[in-house]
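Trainee: File follows, coords.tsv with TSV, N, CA and C atoms and all ligand atoms:
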chain	number	residue	atom	x	y	z
A	75	MET	N	-8.21	-3.22	-0.03
A	75	MET	CA	-9.03	-3.23	-1.25
A	75	MET	C	-8.21	-2.70	-2.44
A	76	PRO	N	-8.15	-3.46	-3.49
A	76	PRO	CA	-7.27	-3.06	-4.61
A	76	PRO	C	-7.89	-1.99	-5.50
A	77	ILE	N	-7.54	-0.77	-5.23
A	77	ILE	CA	-7.98	0.32	-6.09
A	77	ILE	C	-6.80	0.78	-6.93
A	78	PHE	N	-6.98	0.79	-8.23
A	78	PHE	CA	-5.91	1.23	-9.11
A	78	PHE	C	-6.32	2.47	-9.87
A	79	GLU	N	-5.33	3.26	-10.20
A	79	GLU	CA	-5.59	4.45	-10.99
A	79	GLU	C	-5.21	4.19	-12.43
A	80	TYR	N	-6.02	4.67	-13.31
A	80	TYR	CA	-5.76	4.50	-14.74
A	80	TYR	C	-5.83	5.84	-15.44
A	81	LYS	N	-5.13	5.89	-16.55
A	81	LYS	CA	-5.23	7.06	-17.40
A	81	LYS	C	-5.48	6.60	-18.83
A	82	CYS	N	-6.48	7.20	-19.44
A	82	CYS	CA	-6.82	6.84	-20.80
A	82	CYS	C	-5.85	7.50	-21.76
A	83	LYS	N	-5.25	6.66	-22.61
A	83	LYS	CA	-4.31	7.23	-23.58
A	83	LYS	C	-5.04	7.91	-24.72
A	84	SER	N	-6.28	7.59	-24.86
A	84	SER	CA	-7.04	8.11	-25.98
A	84	SER	C	-7.54	9.54	-25.72
A	85	CYS	N	-8.15	9.76	-24.56
A	85	CYS	CA	-8.73	11.08	-24.29
A	85	CYS	C	-8.10	11.75	-23.08
A	86	GLY	N	-7.23	11.03	-22.36
A	86	GLY	CA	-6.55	11.63	-21.23
A	86	GLY	C	-7.32	11.59	-19.93
A	87	GLU	N	-8.47	10.94	-19.95
A	87	GLU	CA	-9.28	10.84	-18.75
A	87	GLU	C	-8.58	10.01	-17.68
A	88	GLU	N	-8.56	10.52	-16.44
A	88	GLU	CA	-7.99	9.75	-15.34
A	88	GLU	C	-9.12	9.25	-14.45
A	89	PHE	N	-9.03	7.98	-14.10
A	89	PHE	CA	-10.09	7.39	-13.29
A	89	PHE	C	-9.54	6.30	-12.40
A	90	GLU	N	-10.29	5.99	-11.35
A	90	GLU	CA	-9.91	4.93	-10.43
A	90	GLU	C	-10.88	3.78	-10.59
A	91	LYS	N	-10.37	2.60	-10.36
A	91	LYS	CA	-11.23	1.44	-10.48
A	91	LYS	C	-10.87	0.39	-9.44
A	92	LEU	N	-11.92	-0.17	-8.87
A	92	LEU	CA	-11.73	-1.33	-8.01
A	92	LEU	C	-11.48	-2.53	-8.89
A	93	VAL	N	-10.41	-3.24	-8.63
A	93	VAL	CA	-10.05	-4.34	-9.51
A	93	VAL	C	-10.08	-5.67	-8.76
A	94	PHE	N	-10.92	-6.55	-9.24
A	94	PHE	CA	-10.94	-7.92	-8.72
A	94	PHE	C	-10.61	-8.85	-9.87
A	95	GLY	N	-9.60	-9.65	-9.69
A	95	GLY	CA	-9.21	-10.54	-10.78
A	95	GLY	C	-8.52	-9.76	-11.88
A	96	ASN	N	-8.87	-10.05	-13.08
A	96	ASN	CA	-8.22	-9.40	-14.22
A	96	ASN	C	-9.25	-8.95	-15.27
A	97	PRO	N	-10.03	-7.97	-14.90
A	97	PRO	CA	-11.06	-7.52	-15.83
A	97	PRO	C	-10.49	-6.64	-16.93
A	98	GLU	N	-11.26	-6.45	-17.93
A	98	GLU	CA	-10.85	-5.53	-18.98
A	98	GLU	C	-11.20	-4.11	-18.54
A	99	ILE	N	-10.20	-3.26	-18.55
A	99	ILE	CA	-10.40	-1.89	-18.10
A	99	ILE	C	-10.70	-1.00	-19.30
A	100	LYS	N	-11.79	-0.29	-19.17
A	100	LYS	CA	-12.14	0.64	-20.24
A	100	LYS	C	-12.34	2.03	-19.66
A	101	CYS	N	-12.03	3.00	-20.47
A	101	CYS	CA	-12.23	4.39	-20.09
A	101	CYS	C	-13.73	4.66	-19.94
A	102	PRO	N	-14.13	5.25	-18.81
A	102	PRO	CA	-15.55	5.53	-18.60
A	102	PRO	C	-16.06	6.66	-19.50
A	103	LYS	N	-15.14	7.38	-20.07
A	103	LYS	CA	-15.54	8.54	-20.87
A	103	LYS	C	-15.70	8.19	-22.35
A	104	CYS	N	-14.66	7.56	-22.91
A	104	CYS	CA	-14.71	7.27	-24.34
A	104	CYS	C	-14.75	5.77	-24.64
A	105	GLU	N	-14.72	4.96	-23.56
A	105	GLU	CA	-14.80	3.50	-23.66
A	105	GLU	C	-13.65	2.87	-24.43
A	106	SER	N	-12.55	3.60	-24.52
A	106	SER	CA	-11.36	3.01	-25.11
A	106	SER	C	-10.70	2.07	-24.11
A	107	SER	N	-10.17	0.98	-24.60
A	107	SER	CA	-9.45	0.06	-23.71
A	107	SER	C	-7.96	0.36	-23.71
A	108	ASP	N	-7.58	1.41	-24.38
A	108	ASP	CA	-6.18	1.81	-24.43
A	108	ASP	C	-5.86	2.71	-23.24
A	109	VAL	N	-5.79	2.06	-22.08
A	109	VAL	CA	-5.54	2.80	-20.85
A	109	VAL	C	-4.24	2.31	-20.23
A	110	MET	N	-3.60	3.18	-19.49
A	110	MET	CA	-2.40	2.74	-18.78
A	110	MET	C	-2.64	2.78	-17.28
A	111	LYS	N	-2.07	1.80	-16.62
A	111	LYS	CA	-2.27	1.65	-15.20
A	111	LYS	C	-1.24	2.46	-14.43
A	112	LYS	N	-1.72	3.18	-13.44
A	112	LYS	CA	-0.81	3.89	-12.56
A	112	LYS	C	-0.73	3.13	-11.25
A	113	PHE	N	0.27	3.43	-10.49
A	113	PHE	CA	0.43	2.71	-9.24
A	113	PHE	C	-0.60	3.17	-8.22
A	114	SER	N	-1.05	2.22	-7.47
A	114	SER	CA	-1.95	2.53	-6.38
A	114	SER	C	-1.19	3.27	-5.29
A	115	VAL	N	-1.89	4.15	-4.60
A	115	VAL	CA	-1.23	4.91	-3.54
A	115	VAL	C	-1.38	4.21	-2.19
A	116	PHE	N	-2.00	3.03	-2.23
A	116	PHE	CA	-2.22	2.31	-0.97
A	116	PHE	C	-0.91	1.81	-0.38
A	117	GLY	N	-0.74	1.98	0.92
A	117	GLY	CA	0.38	1.39	1.64
A	117	GLY	C	1.73	1.92	1.22
A	118	MET	N	1.79	3.15	0.76
A	118	MET	CA	3.06	3.70	0.31
A	118	MET	C	3.65	4.68	1.30
A	119	SER	N	3.04	4.81	2.45
A	119	SER	CA	3.50	5.83	3.39
A	119	SER	C	4.88	5.47	3.96
A	120	GLY	N	5.08	4.22	4.33
A	120	GLY	CA	6.38	3.78	4.80
A	120	GLY	C	6.84	4.41	6.10
A	121	VAL	N	5.89	4.81	6.91
A	121	VAL	CA	6.26	5.43	8.18
A	121	VAL	C	6.43	4.36	9.25
A	122	ASP	N	7.57	4.33	9.84
A	122	ASP	CA	7.83	3.37	10.89
A	122	ASP	C	7.45	3.94	12.25
A	123	LYS	N	6.69	3.17	12.96
A	123	LYS	CA	6.36	3.61	14.31
A	123	LYS	C	7.53	3.29	15.24
A	124	PRO	N	7.83	4.21	16.10
A	124	PRO	CA	8.88	3.92	17.10
A	124	PRO	C	8.38	2.85	18.06
A	125	PHE	N	9.27	2.00	18.51
A	125	PHE	CA	8.86	0.95	19.43
A	125	PHE	C	8.42	1.54	20.76
A	126	ALA	N	7.31	1.03	21.22
A	126	ALA	CA	6.82	1.48	22.52
A	126	ALA	C	7.72	0.93	23.61
A	127	GLY	N	8.05	1.74	24.54
A	127	GLY	CA	8.85	1.27	25.67
A	127	GLY	C	10.30	1.05	25.30
A	128	GLN	N	10.77	1.69	24.24
A	128	GLN	CA	12.15	1.50	23.83
A	128	GLN	C	13.10	2.07	24.89
A	129	GLY	N	14.15	1.37	25.15
A	129	GLY	CA	15.11	1.84	26.14
A	129	GLY	C	14.89	1.21	27.50
A	130	GLY	N	13.79	0.49	27.66
A	130	GLY	CA	13.51	-0.16	28.94
A	130	GLY	C	14.42	-1.34	29.17
A	131	GLY	N	14.43	-2.22	28.17
A	131	GLY	CA	15.26	-3.41	28.29
A	131	GLY	C	14.61	-4.47	29.18
A	132	CYS	N	15.11	-5.66	29.03
A	132	CYS	CA	14.59	-6.76	29.84
A	132	CYS	C	15.27	-6.77	31.21
A	133	SER	N	14.47	-6.81	32.24
A	133	SER	CA	15.04	-6.77	33.60
A	133	SER	C	15.65	-8.10	34.00
A	134	SER	N	15.32	-9.15	33.26
A	134	SER	CA	15.84	-10.47	33.62
A	134	SER	C	17.20	-10.77	33.00
A	135	CYS	N	17.32	-10.51	31.69
A	135	CYS	CA	18.57	-10.89	31.02
A	135	CYS	C	19.32	-9.69	30.46
A	136	GLY	N	18.72	-8.49	30.53
A	136	GLY	CA	19.39	-7.30	30.07
A	136	GLY	C	19.32	-7.08	28.57
A	137	SER	N	18.56	-7.90	27.88
A	137	SER	CA	18.40	-7.75	26.45
A	137	SER	C	17.66	-6.45	26.16
A	138	SER	N	18.08	-5.78	25.11
A	138	SER	CA	17.43	-4.52	24.78
A	138	SER	C	16.07	-4.77	24.16
A	139	GLY	N	15.18	-3.83	24.34
A	139	GLY	CA	13.82	-3.96	23.81
A	139	GLY	C	12.86	-4.47	24.86
A	140	SER	N	11.65	-4.00	24.77
A	140	SER	CA	10.67	-4.36	25.79
A	140	SER	C	10.20	-5.80	25.64
A	141	ALA	N	10.15	-6.28	24.38
A	141	ALA	CA	9.72	-7.66	24.16
A	141	ALA	C	10.95	-8.55	24.07
A	142	CYS	N	11.30	-9.14	25.15
A	142	CYS	CA	12.50	-9.96	25.20
A	142	CYS	C	12.23	-11.35	24.65
A	143	SER	N	13.01	-11.74	23.65
A	143	SER	CA	12.81	-13.07	23.07
A	143	SER	C	13.79	-14.09	23.63
A	144	SER	N	14.67	-13.63	24.51
A	144	SER	CA	15.69	-14.54	25.04
A	144	SER	C	15.18	-15.31	26.26
A	145	CYS	N	14.57	-14.57	27.15
A	145	CYS	CA	14.15	-15.23	28.37
A	145	CYS	C	12.63	-15.26	28.51
A	146	GLY	N	11.95	-14.75	27.49
A	146	GLY	CA	10.49	-14.84	27.51
A	146	GLY	C	9.88	-13.81	28.42
B	1	ZN	ZN	-10.90	7.94	-22.74
Is it possible to express this structure as C-alpha cells?
Mentor:
Amino acid sequence: MPIFEYKCKSCGEEFEKLVFGNPEIKCPKCESSDVMKKFSVFGMSGVDKPFAGQGGGCSSCGSSGSACSSCG
C-alpha cells in the first residue's frame, strides 16, 4: 500500500497520506499545497534471509545449494 510522508513547507506540519494515482496533496492543517514529499519507509529494510539448508548441496550432481537447478 503506497503510504507517503509529506511535510508542509508553509507550517511545517508532517503527515502521511495514502496515495492512489496522482492526487493533489494538501496540508491537513493549513491546507497549503506547498508540501514536499518524503520517501516512504516501506520495503527499506534490505535484510537478506540466509538460505535454508545452505551447505547441503545436491546429492546427485554436487552442485552447491539445496535447490539444484542443474539436475532438478
Ligand atoms: Zn501546513
Trainee: Counting all atoms listed in the file, give me one row per residue of chain A with an atom at most 5 Å from an atom of ligand ZN 1 (chain B), showing the shortest contact pair and its distance in Å to one decimal, sorted by chain then residue number, as a Markdown table.
Mentor:
| residue | atom | partner | partner_atom | distance |
| --- | --- | --- | --- | --- |
| A:Cys82 | CA | B:ZN1 | ZN | 4.6 |
| A:Ser84 | C | B:ZN1 | ZN | 4.8 |
| A:Cys85 | N | B:ZN1 | ZN | 3.8 |
| A:Gly86 | N | B:ZN1 | ZN | 4.8 |
| A:Glu87 | N | B:ZN1 | ZN | 4.8 |
| A:Cys101 | CA | B:ZN1 | ZN | 4.6 |
| A:Lys103 | C | B:ZN1 | ZN | 4.8 |
| A:Cys104 | N | B:ZN1 | ZN | 3.8 |
| A:Glu105 | N | B:ZN1 | ZN | 4.9 |
| A:Ser106 | N | B:ZN1 | ZN | 5.0 |
Trainee: What is the distance between CA of Pro76 in chain A and CA of Asp108 in chain A, in Å to one decimal?
Mentor: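 Those two atoms sit 20.4 Å apart.
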Trainee: Compile the contact shell of Ser107 in chain A as an MDAnalysis selection string: residues with an atom at most 7 Å away, counting all atoms listed in the file, same-chain residues fewer than 4 positions apart removed.
Mentor: chainID A and resid 83 98:101
Trainee: What gap, in Å, lies between CA of Tyr80 in chain A and CA of Val93 in chain A?
Mentor: 11.1 Å
Trainee: State, in Å with one decimal place, the distance from CA of Ile77 in chain A to CA of Lys91 in chain A.
Mentor: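 So the two atoms, CA of Ile77 in chain A and CA of Lys91 in chain A, lie 5.6 Å apart.
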